[in-house]
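coords-v6.txt, holding compact mmCIF, C-alpha atoms:
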# COMPACT_ATOMS: atom_id res chain seq x y z
CA MET A 769 -5.33 2.66 -36.61
CA ARG A 770 -3.05 2.90 -33.60
CA GLU A 771 -3.96 -0.56 -32.31
CA LYS A 772 -3.57 -2.03 -35.80
CA SER A 773 -0.13 -0.44 -36.13
CA LYS A 774 0.95 -1.85 -32.80
CA GLN A 775 -0.32 -5.34 -33.51
CA SER A 776 1.40 -5.52 -36.88
CA LYS A 777 4.80 -5.00 -35.25
CA LEU A 778 4.49 -7.28 -32.23
CA ASN A 779 7.09 -9.72 -33.50
CA SER A 780 9.79 -7.05 -33.81
CA GLU A 781 12.58 -6.74 -31.26
CA VAL A 782 12.07 -3.14 -30.11
CA LEU A 783 8.77 -1.39 -30.79
CA TYR A 784 7.50 2.14 -30.19
CA ASP A 785 4.02 3.59 -30.60
CA GLU A 786 3.37 6.86 -32.43
CA ASN A 787 4.01 8.81 -29.22
CA GLY A 788 7.53 7.41 -29.04
CA ASP A 789 6.76 5.16 -26.03
CA ARG A 790 8.18 1.64 -25.81
CA ILE A 791 5.76 -1.21 -26.34
CA PHE A 792 6.20 -4.17 -23.99
CA THR A 793 5.47 -7.27 -26.07
CA LEU A 794 4.75 -10.88 -25.24
CA GLU A 795 8.28 -11.66 -26.43
CA ASN A 796 9.66 -9.16 -23.90
CA LYS A 797 7.83 -10.96 -21.09
CA LYS A 798 10.13 -13.98 -21.47
CA ASP A 799 13.44 -12.31 -20.69
CA TYR A 800 12.73 -8.88 -19.19
CA THR A 801 12.90 -8.15 -15.45
CA LEU A 802 10.11 -6.00 -14.03
CA LEU A 803 11.37 -3.41 -11.53
CA VAL A 804 8.70 -2.56 -8.96
CA PRO A 805 8.92 0.11 -6.22
CA SER A 806 8.26 -1.50 -2.84
CA MET A 807 5.46 0.42 -1.16
CA ILE A 808 4.67 -2.03 1.63
CA PRO A 809 7.73 -4.32 1.94
CA LEU A 810 6.24 -7.23 3.89
CA HIS A 811 3.30 -7.67 1.54
CA PHE A 812 5.38 -7.15 -1.58
CA ARG A 813 7.66 -10.06 -0.68
CA LEU A 814 4.59 -12.25 -1.22
CA ILE A 815 3.31 -10.30 -4.23
CA LYS A 816 6.71 -10.63 -5.95
CA ASN A 817 6.56 -14.40 -5.68
CA MET A 818 2.98 -14.51 -6.96
CA LEU A 819 3.88 -12.42 -10.02
CA GLU A 820 6.75 -14.80 -10.71
CA LYS A 821 4.31 -17.71 -10.50
CA ILE A 822 2.25 -15.97 -13.20
CA GLY A 823 5.35 -15.90 -15.42
CA TYR A 824 7.12 -12.58 -14.85
CA LYS A 825 10.64 -11.95 -13.61
CA VAL A 826 10.28 -9.42 -10.79
CA GLN A 827 12.65 -7.37 -8.68
CA MET A 828 11.29 -5.26 -5.83
CA LEU A 829 13.31 -2.08 -5.30
CA ASP A 830 14.21 -1.51 -1.67
CA GLU A 831 16.97 1.07 -2.20
CA ARG A 832 16.61 3.90 0.33
CA THR A 833 19.54 6.19 -0.44
CA SER A 834 19.35 9.73 0.91
CA SER A 835 19.71 11.07 -2.64
CA ILE A 836 16.56 9.47 -4.10
CA ALA A 837 14.37 12.52 -3.53
CA GLU A 838 17.01 14.84 -4.98
CA THR A 839 17.34 12.62 -8.04
CA GLY A 840 13.57 12.72 -8.50
CA LEU A 841 13.55 16.50 -8.26
CA LYS A 842 16.12 16.71 -11.07
CA TYR A 843 13.66 15.18 -13.49
CA VAL A 844 10.21 16.32 -12.24
CA HIS A 845 9.10 19.75 -11.01
CA ASN A 846 8.97 20.39 -7.27
CA ASP A 847 5.16 20.62 -7.21
CA THR A 848 4.93 16.93 -8.00
CA CYS A 849 3.41 14.69 -5.35
CA TYR A 850 6.13 13.42 -2.98
CA PRO A 851 5.45 9.69 -3.66
CA ALA A 852 5.94 10.35 -7.40
CA THR A 853 9.20 12.20 -6.70
CA LEU A 854 10.48 9.22 -4.68
CA VAL A 855 9.36 6.50 -7.09
CA ILE A 856 10.75 8.30 -10.14
CA GLY A 857 13.98 9.11 -8.29
CA GLN A 858 14.34 5.49 -7.21
CA PHE A 859 13.79 4.20 -10.75
CA ILE A 860 16.31 6.60 -12.29
CA GLU A 861 18.96 5.92 -9.63
CA VAL A 862 18.66 2.18 -10.22
CA LEU A 863 18.99 2.65 -13.98
CA GLN A 864 21.98 4.95 -13.52
CA SER A 865 23.66 2.38 -11.27
CA ASN A 866 23.60 -0.26 -14.05
CA LYS A 867 22.72 -2.80 -11.36
CA TYR A 868 20.51 -4.54 -13.91
CA ASP A 869 20.74 -4.85 -17.69
CA ASN A 870 18.93 -1.66 -18.69
CA GLN A 871 18.19 -3.15 -22.11
CA LYS A 872 16.23 -5.96 -20.45
CA VAL A 873 14.18 -4.21 -17.76
CA ALA A 874 10.70 -2.68 -17.62
CA LEU A 875 9.35 -0.36 -14.92
CA VAL A 876 6.00 -0.99 -13.23
CA ILE A 877 4.10 1.93 -11.74
CA SER A 878 0.57 2.05 -10.32
CA GLN A 879 -2.21 4.37 -11.46
CA THR A 880 -5.41 5.07 -9.52
CA GLY A 881 -7.48 6.19 -12.48
CA GLY A 882 -9.32 8.78 -10.35
CA GLY A 883 -8.86 12.45 -9.57
CA CYS A 884 -5.66 11.84 -7.61
CA ARG A 885 -2.40 13.10 -9.12
CA ALA A 886 -1.23 9.47 -9.06
CA SER A 887 -3.17 8.99 -12.31
CA ASN A 888 -0.48 11.11 -14.00
CA TYR A 889 2.54 9.24 -12.58
CA LEU A 890 2.90 7.16 -15.74
CA TYR A 891 3.35 10.20 -17.98
CA LEU A 892 5.60 11.97 -15.48
CA LEU A 893 7.82 8.88 -15.34
CA LYS A 894 8.03 8.57 -19.13
CA LYS A 895 8.96 12.25 -19.46
CA ALA A 896 11.60 11.90 -16.73
CA LEU A 897 13.08 8.78 -18.32
CA LYS A 898 13.51 10.52 -21.68
CA LYS A 899 15.13 13.48 -19.95
CA ALA A 900 17.54 11.15 -18.12
CA GLY A 901 18.43 9.23 -21.29
CA PHE A 902 16.37 6.10 -20.56
CA GLY A 903 13.48 6.66 -22.94
CA TYR A 904 14.04 3.17 -24.39
CA VAL A 905 12.97 1.50 -21.11
CA PRO A 906 9.32 0.35 -21.29
CA VAL A 907 6.92 1.52 -18.59
CA LEU A 908 3.99 -0.65 -17.48
CA SER A 909 0.87 0.61 -15.74
CA PHE A 910 -0.59 -1.49 -12.91
CA ASN A 911 -4.23 -0.50 -12.51
CA LEU A 912 -7.77 -1.85 -12.48
CA SER A 913 -9.15 0.85 -14.78
CA GLY A 914 -7.85 -0.39 -18.13
CA LEU A 915 -5.44 2.53 -18.46
CA LYS A 916 -2.53 2.29 -20.91
CA THR A 917 -2.53 -1.48 -21.45
CA GLN A 918 0.52 -3.28 -22.85
CA PRO A 919 0.35 -6.56 -24.83
CA GLY A 920 3.01 -8.21 -22.69
CA PHE A 921 1.60 -7.14 -19.31
CA LYS A 922 -1.94 -8.34 -18.83
CA LEU A 923 -3.29 -10.02 -15.71
CA LYS A 924 -6.35 -12.25 -15.64
CA VAL A 925 -9.12 -12.00 -13.05
CA ALA A 926 -7.69 -15.10 -11.34
CA ASP A 927 -4.29 -13.39 -11.15
CA TYR A 928 -5.76 -10.36 -9.38
CA LEU A 929 -7.61 -12.62 -6.95
CA ASN A 930 -4.36 -14.46 -6.15
CA LEU A 931 -2.60 -11.14 -5.55
CA LEU A 932 -5.44 -10.23 -3.18
CA LYS A 933 -4.68 -13.40 -1.21
CA CYS A 934 -1.11 -12.12 -0.80
CA VAL A 935 -2.52 -8.84 0.52
CA MET A 936 -4.66 -10.63 3.12
CA TYR A 937 -1.74 -12.80 4.24
CA GLY A 938 0.40 -9.66 4.45
CA ASP A 939 -2.19 -7.78 6.49
CA LEU A 940 -2.41 -10.61 9.01
CA LEU A 941 1.37 -10.87 9.35
CA MET A 942 1.67 -7.07 9.74
CA LEU A 943 -1.06 -6.97 12.39
CA LEU A 944 0.50 -9.76 14.47
CA LYS A 945 4.03 -8.42 14.02
CA ASN A 946 2.99 -5.01 15.35
CA GLN A 947 1.32 -6.55 18.40
CA CYS A 948 4.26 -8.81 19.23
CA GLU A 949 7.44 -6.88 18.41
CA PRO A 950 7.18 -4.13 21.09
CA TYR A 951 6.72 -6.76 23.82
CA GLU A 952 8.90 -9.69 22.72
CA VAL A 953 11.15 -11.16 25.41
CA VAL A 954 13.63 -12.62 22.92
CA GLU A 955 14.69 -9.82 20.58
CA GLY A 956 14.19 -10.67 16.91
CA GLU A 957 11.80 -13.58 17.48
CA THR A 958 8.88 -11.72 15.88
CA ILE A 959 10.77 -10.94 12.68
CA LYS A 960 12.04 -14.51 12.61
CA THR A 961 8.42 -15.74 12.71
CA VAL A 962 7.41 -13.29 9.96
CA ASN A 963 10.26 -14.48 7.73
CA PHE A 964 9.39 -18.12 8.42
CA TRP A 965 5.82 -17.66 7.21
CA ILE A 966 6.80 -15.65 4.15
CA GLU A 967 9.14 -18.47 3.14
CA VAL A 968 6.43 -21.08 3.77
CA LEU A 969 3.74 -19.17 1.86
CA ASN A 970 6.01 -18.40 -1.08
CA GLY A 971 6.85 -22.08 -1.29
CA GLU A 972 3.17 -23.01 -1.25
CA PHE A 973 2.26 -20.67 -4.11
CA ALA A 974 3.90 -23.10 -6.55
CA ASN A 975 0.96 -25.48 -6.06
CA SER A 976 -2.44 -24.09 -7.12
CA LYS A 977 -4.19 -26.30 -4.57
CA ASN A 978 -2.67 -24.18 -1.82
CA LEU A 979 -4.44 -21.12 -3.24
CA LYS A 980 -7.88 -22.52 -2.49
CA TYR A 981 -9.57 -20.61 0.29
CA GLY A 982 -10.07 -23.65 2.53
CA HIS A 983 -6.30 -24.12 2.74
CA ILE A 984 -5.70 -20.38 3.15
CA LYS A 985 -8.13 -20.22 6.06
CA LYS A 986 -6.28 -23.07 7.79
CA ASN A 987 -3.05 -21.13 7.28
CA PHE A 988 -4.62 -18.05 8.89
CA ALA A 989 -5.25 -20.08 12.06
CA LEU A 990 -1.74 -21.59 12.02
CA ILE A 991 -0.15 -18.16 11.60
CA ILE A 992 -2.12 -16.74 14.54
CA ASP A 993 -1.16 -19.71 16.73
CA SER A 994 2.54 -19.39 15.87
CA PHE A 995 2.65 -15.70 16.84
CA ALA A 996 0.76 -16.47 20.05
CA LYS A 997 3.67 -18.72 21.07
CA ILE A 998 6.09 -15.77 21.05
CA GLU A 999 6.91 -14.94 24.66
CA ARG A 1000 5.83 -11.39 25.41
CA ASN A 1001 6.18 -9.08 28.38
CA ILE A 1002 2.92 -7.13 28.26
CA VAL A 1003 3.58 -3.77 29.90
CA PRO A 1004 1.58 -0.57 29.36
CA LYS A 1005 2.64 1.16 26.15
CA ALA A 1006 1.17 4.01 24.16
CA LYS A 1007 -0.74 2.64 21.17
CA VAL A 1008 -0.33 4.72 18.02
CA GLY A 1009 -2.32 4.37 14.81
CA ILE A 1010 -0.95 5.45 11.44
CA VAL A 1011 -3.32 6.68 8.74
CA GLY A 1012 -2.82 8.83 5.65
CA GLU A 1013 -2.00 8.74 1.95
CA ILE A 1014 -1.44 5.14 0.96
CA PHE A 1015 2.22 5.36 -0.11
CA VAL A 1016 3.39 7.57 2.76
CA LYS A 1017 1.40 5.51 5.27
CA TYR A 1018 3.12 2.25 4.34
CA SER A 1019 6.47 3.02 2.69
CA PRO A 1020 9.52 3.23 4.99
CA LEU A 1021 11.23 5.24 2.24
CA ALA A 1022 8.47 7.86 2.26
CA ASN A 1023 7.80 8.07 6.02
CA ASN A 1024 11.40 7.77 7.24
CA ASP A 1025 10.86 4.32 8.80
CA LEU A 1026 7.99 5.64 10.92
CA GLU A 1027 6.94 2.27 12.34
CA LYS A 1028 10.49 1.44 13.44
CA PHE A 1029 10.86 4.90 14.99
CA LEU A 1030 7.65 4.48 17.02
CA VAL A 1031 8.68 1.05 18.32
CA LYS A 1032 12.07 2.48 19.29
CA GLU A 1033 10.25 5.23 21.20
CA GLY A 1034 8.34 2.60 23.19
CA ALA A 1035 5.02 2.57 21.36
CA GLU A 1036 2.84 -0.17 19.91
CA VAL A 1037 1.92 0.58 16.30
CA TYR A 1038 -1.35 -0.13 14.52
CA VAL A 1039 -1.60 0.34 10.75
CA PRO A 1040 -4.91 -0.39 8.95
CA GLY A 1041 -4.47 -3.17 6.41
CA LEU A 1042 -4.16 -2.82 2.65
CA THR A 1043 -7.30 -4.97 2.35
CA ASP A 1044 -9.27 -1.98 3.61
CA PHE A 1045 -8.12 0.10 0.64
CA VAL A 1046 -9.19 -2.68 -1.75
CA LEU A 1047 -12.61 -2.80 -0.06
CA TYR A 1048 -12.80 0.99 -0.18
CA SER A 1049 -12.16 0.96 -3.93
CA ALA A 1050 -14.77 -1.73 -4.58
CA TYR A 1051 -17.34 -0.03 -2.35
CA ASN A 1052 -16.80 3.30 -4.11
CA ASN A 1053 -17.85 1.74 -7.42
CA VAL A 1054 -21.16 0.81 -5.79
CA VAL A 1055 -21.52 4.34 -4.41
CA ASP A 1056 -20.73 5.84 -7.84
CA ALA A 1057 -23.71 4.05 -9.37
CA LYS A 1058 -25.97 5.28 -6.59
CA LEU A 1059 -24.80 8.92 -6.43
CA TYR A 1060 -23.52 9.64 -9.94
CA GLY A 1061 -25.31 7.17 -12.19
CA GLU A 1062 -22.16 5.26 -13.18
CA LYS A 1063 -22.41 1.87 -14.90
CA LYS A 1064 -24.61 -0.53 -12.95
CA VAL A 1065 -22.71 -3.55 -14.30
CA VAL A 1066 -19.49 -2.27 -12.72
CA ALA A 1067 -21.35 -1.65 -9.46
CA PHE A 1068 -22.86 -5.15 -9.54
CA VAL A 1069 -19.50 -6.87 -10.04
CA SER A 1070 -17.83 -4.60 -7.46
CA ASN A 1071 -20.53 -5.41 -4.91
CA ILE A 1072 -19.94 -9.15 -5.36
CA LEU A 1073 -16.19 -8.62 -4.93
CA TYR A 1074 -16.77 -6.39 -1.90
CA LYS A 1075 -18.97 -8.95 -0.12
CA ASN A 1076 -16.54 -11.77 -0.91
CA ILE A 1077 -13.51 -9.92 0.49
CA LEU A 1078 -15.48 -8.67 3.50
CA LYS A 1079 -16.49 -12.24 4.38
CA LYS A 1080 -12.84 -13.33 4.33
CA GLN A 1081 -11.84 -10.35 6.47
CA LYS A 1082 -14.51 -11.36 9.00
CA ASP A 1083 -13.15 -14.93 8.97
CA ILE A 1084 -9.75 -13.57 10.06
CA ILE A 1085 -11.39 -11.48 12.77
CA LYS A 1086 -13.24 -14.53 14.12
CA LEU A 1087 -10.06 -16.63 14.11
CA ILE A 1088 -8.15 -13.94 16.03
CA GLU A 1089 -10.99 -13.58 18.55
CA LYS A 1090 -11.17 -17.36 18.98
CA GLN A 1091 -7.43 -17.64 19.65
CA GLY A 1092 -7.68 -14.81 22.17
CA SER A 1093 -4.13 -13.41 22.28
CA PHE A 1094 -4.47 -10.45 19.92
CA ASN A 1095 -6.73 -7.53 19.06
CA PRO A 1096 -8.42 -8.12 15.69
CA PRO A 1097 -8.81 -5.48 12.97
CA THR A 1098 -12.15 -3.70 12.54
CA SER A 1099 -14.57 -5.19 10.03
CA PHE A 1100 -14.82 -2.86 7.04
CA ASP A 1101 -18.60 -2.53 7.24
CA LEU A 1102 -18.03 -0.88 10.64
CA THR A 1103 -15.34 1.31 9.09
CA ILE A 1104 -17.96 2.57 6.63
CA LYS A 1105 -20.36 3.41 9.46
CA ALA A 1106 -17.63 5.24 11.37
CA ARG A 1107 -17.66 8.12 8.85
CA GLU A 1108 -21.34 8.93 9.54
CA GLY A 1109 -21.73 12.36 11.09
CA TYR A 1110 -18.30 13.41 9.87
CA ILE A 1111 -17.93 13.11 6.09
CA ASN A 1112 -20.03 12.09 3.08
CA GLU A 1113 -19.21 8.87 1.23
CA GLY A 1114 -19.20 10.86 -2.01
CA MET A 1115 -15.87 12.39 -0.91
CA LYS A 1116 -13.57 9.81 -2.48
CA MET A 1117 -10.63 11.56 -4.12
CA GLY A 1118 -7.42 9.88 -2.96
CA GLU A 1119 -8.12 8.15 0.36
CA GLY A 1120 -11.21 10.36 0.77
CA TRP A 1121 -13.70 9.39 3.43
CA LEU A 1122 -11.65 6.29 4.31
CA LEU A 1123 -9.01 8.49 5.93
CA THR A 1124 -11.57 10.08 8.24
CA SER A 1125 -13.21 6.73 8.94
CA GLU A 1126 -9.91 5.12 9.88
CA MET A 1127 -9.24 7.83 12.48
CA ILE A 1128 -12.71 7.38 14.01
CA GLU A 1129 -12.32 3.59 13.86
CA LEU A 1130 -9.02 3.80 15.76
CA ILE A 1131 -10.51 6.02 18.46
CA GLU A 1132 -13.54 3.76 18.87
CA SER A 1133 -11.21 0.76 19.30
CA GLY A 1134 -9.28 2.55 22.06
CA ILE A 1135 -6.36 3.89 20.01
CA ASN A 1136 -6.59 7.64 20.64
CA ASN A 1137 -3.06 8.49 19.47
CA ILE A 1138 -2.96 8.93 15.71
CA ILE A 1139 -0.40 10.09 13.15
CA CYS A 1140 -1.91 11.36 9.91
CA ALA A 1141 0.93 10.97 7.38
CA GLN A 1142 0.46 12.90 4.16
CA PRO A 1143 2.51 14.26 1.26
CA PHE A 1144 2.79 18.04 1.40
CA GLY A 1145 0.25 19.57 -0.97
CA CYS A 1146 -1.93 16.43 -1.25
CA LEU A 1147 -5.28 18.22 -1.40
CA PRO A 1148 -7.59 15.19 -0.77
CA ASN A 1149 -5.57 14.18 2.28
CA HIS A 1150 -5.34 17.70 3.66
CA ILE A 1151 -9.14 17.92 3.45
CA ALA A 1152 -10.13 14.42 4.59
CA GLY A 1153 -7.22 14.10 7.03
CA LYS A 1154 -5.85 17.30 8.52
CA GLY A 1155 -9.05 19.18 7.69
CA MET A 1156 -11.17 16.76 9.73
CA MET A 1157 -9.03 16.82 12.86
CA LYS A 1158 -10.90 19.71 14.50
CA ILE A 1159 -14.34 18.09 14.34
CA ILE A 1160 -12.91 14.71 15.34
CA LYS A 1161 -11.31 16.22 18.43
CA GLU A 1162 -14.49 18.12 19.29
CA LYS A 1163 -16.52 14.91 19.27
CA ASN A 1164 -13.72 12.82 20.83
CA PRO A 1165 -11.94 14.90 23.52
CA LYS A 1166 -9.39 12.14 24.20
CA ALA A 1167 -8.17 12.13 20.59
CA ASN A 1168 -4.45 12.89 20.33
CA ILE A 1169 -3.85 13.45 16.61
CA VAL A 1170 -0.89 14.96 14.80
CA ALA A 1171 -0.65 15.60 11.05
CA ILE A 1172 2.84 15.10 9.63
CA ASP A 1173 3.71 16.40 6.16
CA TYR A 1174 6.33 14.46 4.21
CA ASP A 1175 8.19 16.20 1.41
CA ALA A 1176 11.67 16.43 -0.10
CA SER A 1177 12.15 19.76 1.70
CA ALA A 1178 10.71 18.61 5.06
CA SER A 1179 13.07 18.18 8.00
CA ARG A 1180 13.14 14.69 9.48
CA ILE A 1181 14.17 16.16 12.85
CA ASN A 1182 11.15 18.46 12.89
CA GLN A 1183 8.87 15.57 11.94
CA GLU A 1184 10.22 13.35 14.72
CA ASN A 1185 10.08 16.16 17.28
CA ARG A 1186 6.39 16.68 16.54
CA ILE A 1187 5.80 12.93 16.87
CA LYS A 1188 7.71 12.89 20.18
CA LEU A 1189 5.43 15.66 21.47
CA MET A 1190 2.40 13.58 20.53
CA LEU A 1191 3.96 10.55 22.27
CA SER A 1192 4.61 12.66 25.38
CA ASN A 1193 0.89 13.49 25.52
CA ALA A 1194 0.07 9.82 24.90
CA ARG A 1195 2.21 8.71 27.87
CA GLU A 1196 0.60 11.27 30.14
CA ASN A 1197 -2.83 10.00 29.13
CA LEU A 1198 -1.66 6.42 29.65
CA GLU A 1199 -0.60 7.20 33.22

Written as structure tokens, how would this file's structure read?
Amino acid sequence: MREKSKQSKLNSEVLYDENGDRIFTLENKKDYTLLVPSMIPLHFRLIKNMLEKIGYKVQMLDERTSSIAETGLKYVHNDTCYPATLVIGQFIEVLQSNKYDNQKVALVISQTGGGCRASNYLYLLKKALKKAGFGYVPVLSFNLSGLKTQPGFKLKVADYLNLLKCVMYGDLLMLLKNQCEPYEVVEGETIKTVNFWIEVLNGEFANSKNLKYGHIKKNFALIIDSFAKIERNIVPKAKVGIVGEIFVKYSPLANNDLEKFLVKEGAEVYVPGLTDFVLYSAYNNVVDAKLYGEKKVVAFVSNILYKNILKKQKDIIKLIEKQGSFNPPTSFDLTIKAREGYINEGMKMGEGWLLTSEMIELIESGINNIICAQPFGCLPNHIAGKGMMKIIKEKNPKANIVAIDYDASASRINQENRIKLMLSNARENLE
């Protein structure tokens, strides 16, 4: 009855379902702007353009005011996961600023669909919006689990695959940027090269022919070659890997510009790519069928997707190895093996076994200095991250790992002092 009621009103101007939530219609798609929190800025500059190619008007939110967390805490309780506090606070501050026409915007928020608290973000956001006086603003859920669909916000399989191409481009640019920026002779040349390629790629997305994998693979090689031309002064630096909860690991808003801070402190940063999380999610569907008897059809499709993405990741690795100037990422099939002897693959709440595997993967690739960034009170990450540090250090005596909690009440000075202590140990080991 609910679906019938919704469908019968789709041609109206403003629609609500029986729960009082705004319905985002196909008519809304034409003139509404989607506001999206920017988790991983470099990648999202490409994703924004791809969504616009699909037919949406998109604005990535990069506001980083010091009051965002406090605003979030006004409208959600203080036990809420820190990423949710930030995202909700950022949305409400933007609406309060009247920077956009609040009558013509919709908010996009991701949902994991699993046991993580992120599955509840959508309902927390709706409750907060009503409390703040913005209950009329529609909220859209971005997920792969079919949760809370909206008639005006539906992506096709081809759309998701194109967004994945943005993720792979972003991962390559992030990898090369992090290996060039700490050593560049001409300050700013690395960022200039990153911006050049983002402009080129965004321009290419207008033509569907440029989204064929043959063309993309050629671009991978061109991108690697262009970064190799950046003049670098290779001097010994401490290499630091960043792992942790996905939002805190990538978002400068959540981790207080951690990557920039590490470069300023004289370190080279390595951050596992977002492609790994996509592979992790697909692989988990295969594991679910094996361990828990979940739908075999889902596992079959996920396995095809997993193998397809893994092959493309290996293509990038081969191209980087062939060029010879940079260290390639680890192939995800080796990331899976890294967890053996440490954690079971059935442990998959939040980042689950991937978090442990990424730490082992970093150590095996020679990056012994690791920051495990996690929201305070994130149970899966405290177990699979901080909780695994003891056994990792026992089996890998050179491991130099520090767990950093990020929360609205956490002191940035204390966080950075703990990181500086880790860097001090890293420099001693380097010498």

(request) For CA of Gly1145 in chain A and CA of Val1039 in chain A, quote the distance in Å rounded to one decimal. (result) 22.6 Å

(message) With only C-alpha atoms as the counted atoms, please give the residues lying no more than 9 Å from Glu999 in chain A, apart from itself and same-chain residues fewer than 2 positions off, as an NGL selection string.
(response) :A and (948 or 951-954 or 957 or 995-997 or 1001)

(request) Check the smallest atom-to-atom distance from each of A:His845, A:Arg832, A:Lys1086, A:Lys986 to Leu892 in chain A using only C-alpha atoms, then report the winner. (result) A:His845

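Residues in contact with Val925 in chain A at 12 Å, where all atoms listed in the file are counted and same-chain residues fewer than 4 positions away are skipped, are listed as Leu912, Leu929, Asn930, Leu931, Leu932, Val1069 and Leu1073 of chain A.
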
Please produce, as a tab-separated table, a per-residue contact table for range 1092-1128 of chain A versus range 1168-1172 of chain A (criterion: any atom at most 12 Å away, all atoms listed in the file considered), showing the nearest atom pair and its distance in Å to one decimal, sorted by chain then residue number.
residue	atom	partner	partner_atom	distance
A:Thr1124	CA	A:Ile1169	CA	11.9
A:Met1127	CA	A:Ile1169	CA	8.8
A:Ile1128	CA	A:Ile1169	CA	11.1

(request) Would you kindly return, as number ranges by chain, each protein, DNA or RNA residue with an atom no farther than 12 Å from any atom of Ile1159 in chain A, considering only C-alpha atoms and excluding same-chain residues fewer than 5 positions away? (result) A: 1107, 1109-1111, 1124, 1127-1128, 1152-1154, 1164-1165, 1167, 1169

(request) Kindly indicate which residue among A:Ala1176, A:Leu1102, A:Ile1187, A:Leu990 lies nearest to Glu1027 in chain A, using only C-alpha atoms for the distances. (result)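 Using only C-alpha atoms, the shortest distance to Glu1027 in chain A belongs to A:Ile1187.
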
(request) Excluding Asn970 in chain A and residues on its chain fewer than 3 positions from it, collect all residues at most 10 Å away from it, counting only C-alpha atoms, and give them as a PyMOL selection string. (result) chain A and resi 813-818+821+934+965-967+973-974

(request) Have a look at A:Thr1043, A:Thr1103, A:Asn1185, A:Asn796 and name the one nearest to Gly920 in chain A; count all atoms listed in the file. (result)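 Among A:Thr1043, A:Thr1103, A:Asn1185, A:Asn796, it is A:Asn796 that comes nearest to Gly920 in chain A.
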
Hey, which bits of range 907-973 of chain A sit within 9 Å of range 800-812 of chain A, and for each residue what's the closest pair of atoms and how far apart in Å (one decimal), counting all atoms listed in the file, rows by chain and increasing number, as CSV?
residue,atom,partner,partner_atom,distance
A:Leu908,CA,A:Leu802,CA,8.8
A:Cys934,CA,A:His811,CA,6.7
A:Val935,CA,A:His811,CA,6.0
A:Met936,CA,A:His811,CA,8.6
A:Tyr937,CA,A:His811,CA,7.7
A:Gly938,CA,A:His811,CA,4.6
A:Asp939,CA,A:His811,CA,7.4
A:Leu941,CA,A:Leu810,CA,8.2
A:Met942,CA,A:Leu810,CA,7.4
A:Val962,CA,A:Leu810,CA,8.7
A:Ile966,CA,A:Leu810,CA,8.4

Would you save the residues from that selection as a PDB file, keeping the file's coordinate frame, using C-alpha atoms?
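The resulting file, out.pdb, is reproduced below:
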ATOM      1  CA  LEU A 908       3.990  -0.650 -17.480  1.00  0.00           C
ATOM      2  CA  CYS A 934      -1.110 -12.120  -0.800  1.00  0.00           C
ATOM      3  CA  VAL A 935      -2.520  -8.840   0.520  1.00  0.00           C
ATOM      4  CA  MET A 936      -4.660 -10.630   3.120  1.00  0.00           C
ATOM      5  CA  TYR A 937      -1.740 -12.800   4.240  1.00  0.00           C
ATOM      6  CA  GLY A 938       0.400  -9.660   4.450  1.00  0.00           C
ATOM      7  CA  ASP A 939      -2.190  -7.780   6.490  1.00  0.00           C
ATOM      8  CA  LEU A 941       1.370 -10.870   9.350  1.00  0.00           C
ATOM      9  CA  MET A 942       1.670  -7.070   9.740  1.00  0.00           C
ATOM     10  CA  VAL A 962       7.410 -13.290   9.960  1.00  0.00           C
ATOM     11  CA  ILE A 966       6.800 -15.650   4.150  1.00  0.00           C
TER      12      ILE A 966
END

(request) Please indicate the distance in Å from CA of Lys872 in chain A to CA of Gly971 in chain A, rounded to one decimal place. (result)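 So the answer is 26.7 Å.
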
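With all atoms listed in the file taken into account, the protein and nucleic acid residues at most 6 Å from Phe1144 in chain A (excluding it and anything under 6 positions from it in its own chain) are Asp1173, Tyr1174 and Asp1175 of chain A.
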
(request) Using only C-alpha atoms, pick whichever of A:Asn1076, A:Gln947, A:Asn1193, A:Ser994 has the shortest atom-to-atom distance to Thr961 in chain A. (result)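 Smallest separation from Thr961 in chain A among the options: A:Ser994.
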
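Take the candidates A:Met1157, A:Val1008, A:Ile1181, A:Leu1122 and check each one against Asn1136 in chain A using all atoms listed in the file; the shortest distance goes to A:Val1008.
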
(message) Would you compute the distance between CA of Lys1116 in chain A and CA of Asn1052 in chain A? Give it in Å to one decimal.
(response) 7.4 Å

Starting from the sparse input, extend range 902-907 of chain A to N, CA and C atoms and give the output as an mmCIF file, in the coordinates of the input.
data_model
loop_
_atom_site.group_PDB
_atom_site.id
_atom_site.type_symbol
_atom_site.label_atom_id
_atom_site.label_comp_id
_atom_site.auth_asym_id
_atom_site.auth_seq_id
_atom_site.Cartn_x
_atom_site.Cartn_y
_atom_site.Cartn_z
ATOM 1 N N PHE A 902 16.840 7.485 -20.638
ATOM 2 C CA PHE A 902 16.370 6.100 -20.560
ATOM 3 C C PHE A 902 15.004 5.938 -21.227
ATOM 4 N N GLY A 903 14.766 6.717 -22.266
ATOM 5 C CA GLY A 903 13.480 6.660 -22.940
ATOM 6 C C GLY A 903 13.197 5.323 -23.592
ATOM 7 N N TYR A 904 14.213 4.489 -23.770
ATOM 8 C CA TYR A 904 14.040 3.170 -24.390
ATOM 9 C C TYR A 904 13.512 2.122 -23.407
ATOM 10 N N VAL A 905 13.450 2.456 -22.113
ATOM 11 C CA VAL A 905 12.970 1.500 -21.110
ATOM 12 C C VAL A 905 11.441 1.508 -21.084
ATOM 13 N N PRO A 906 10.789 0.368 -21.299
ATOM 14 C CA PRO A 906 9.320 0.350 -21.290
ATOM 15 C C PRO A 906 8.754 0.573 -19.891
ATOM 16 N N VAL A 907 7.606 1.232 -19.850
ATOM 17 C CA VAL A 907 6.920 1.520 -18.590
ATOM 18 C C VAL A 907 5.555 0.839 -18.618
#
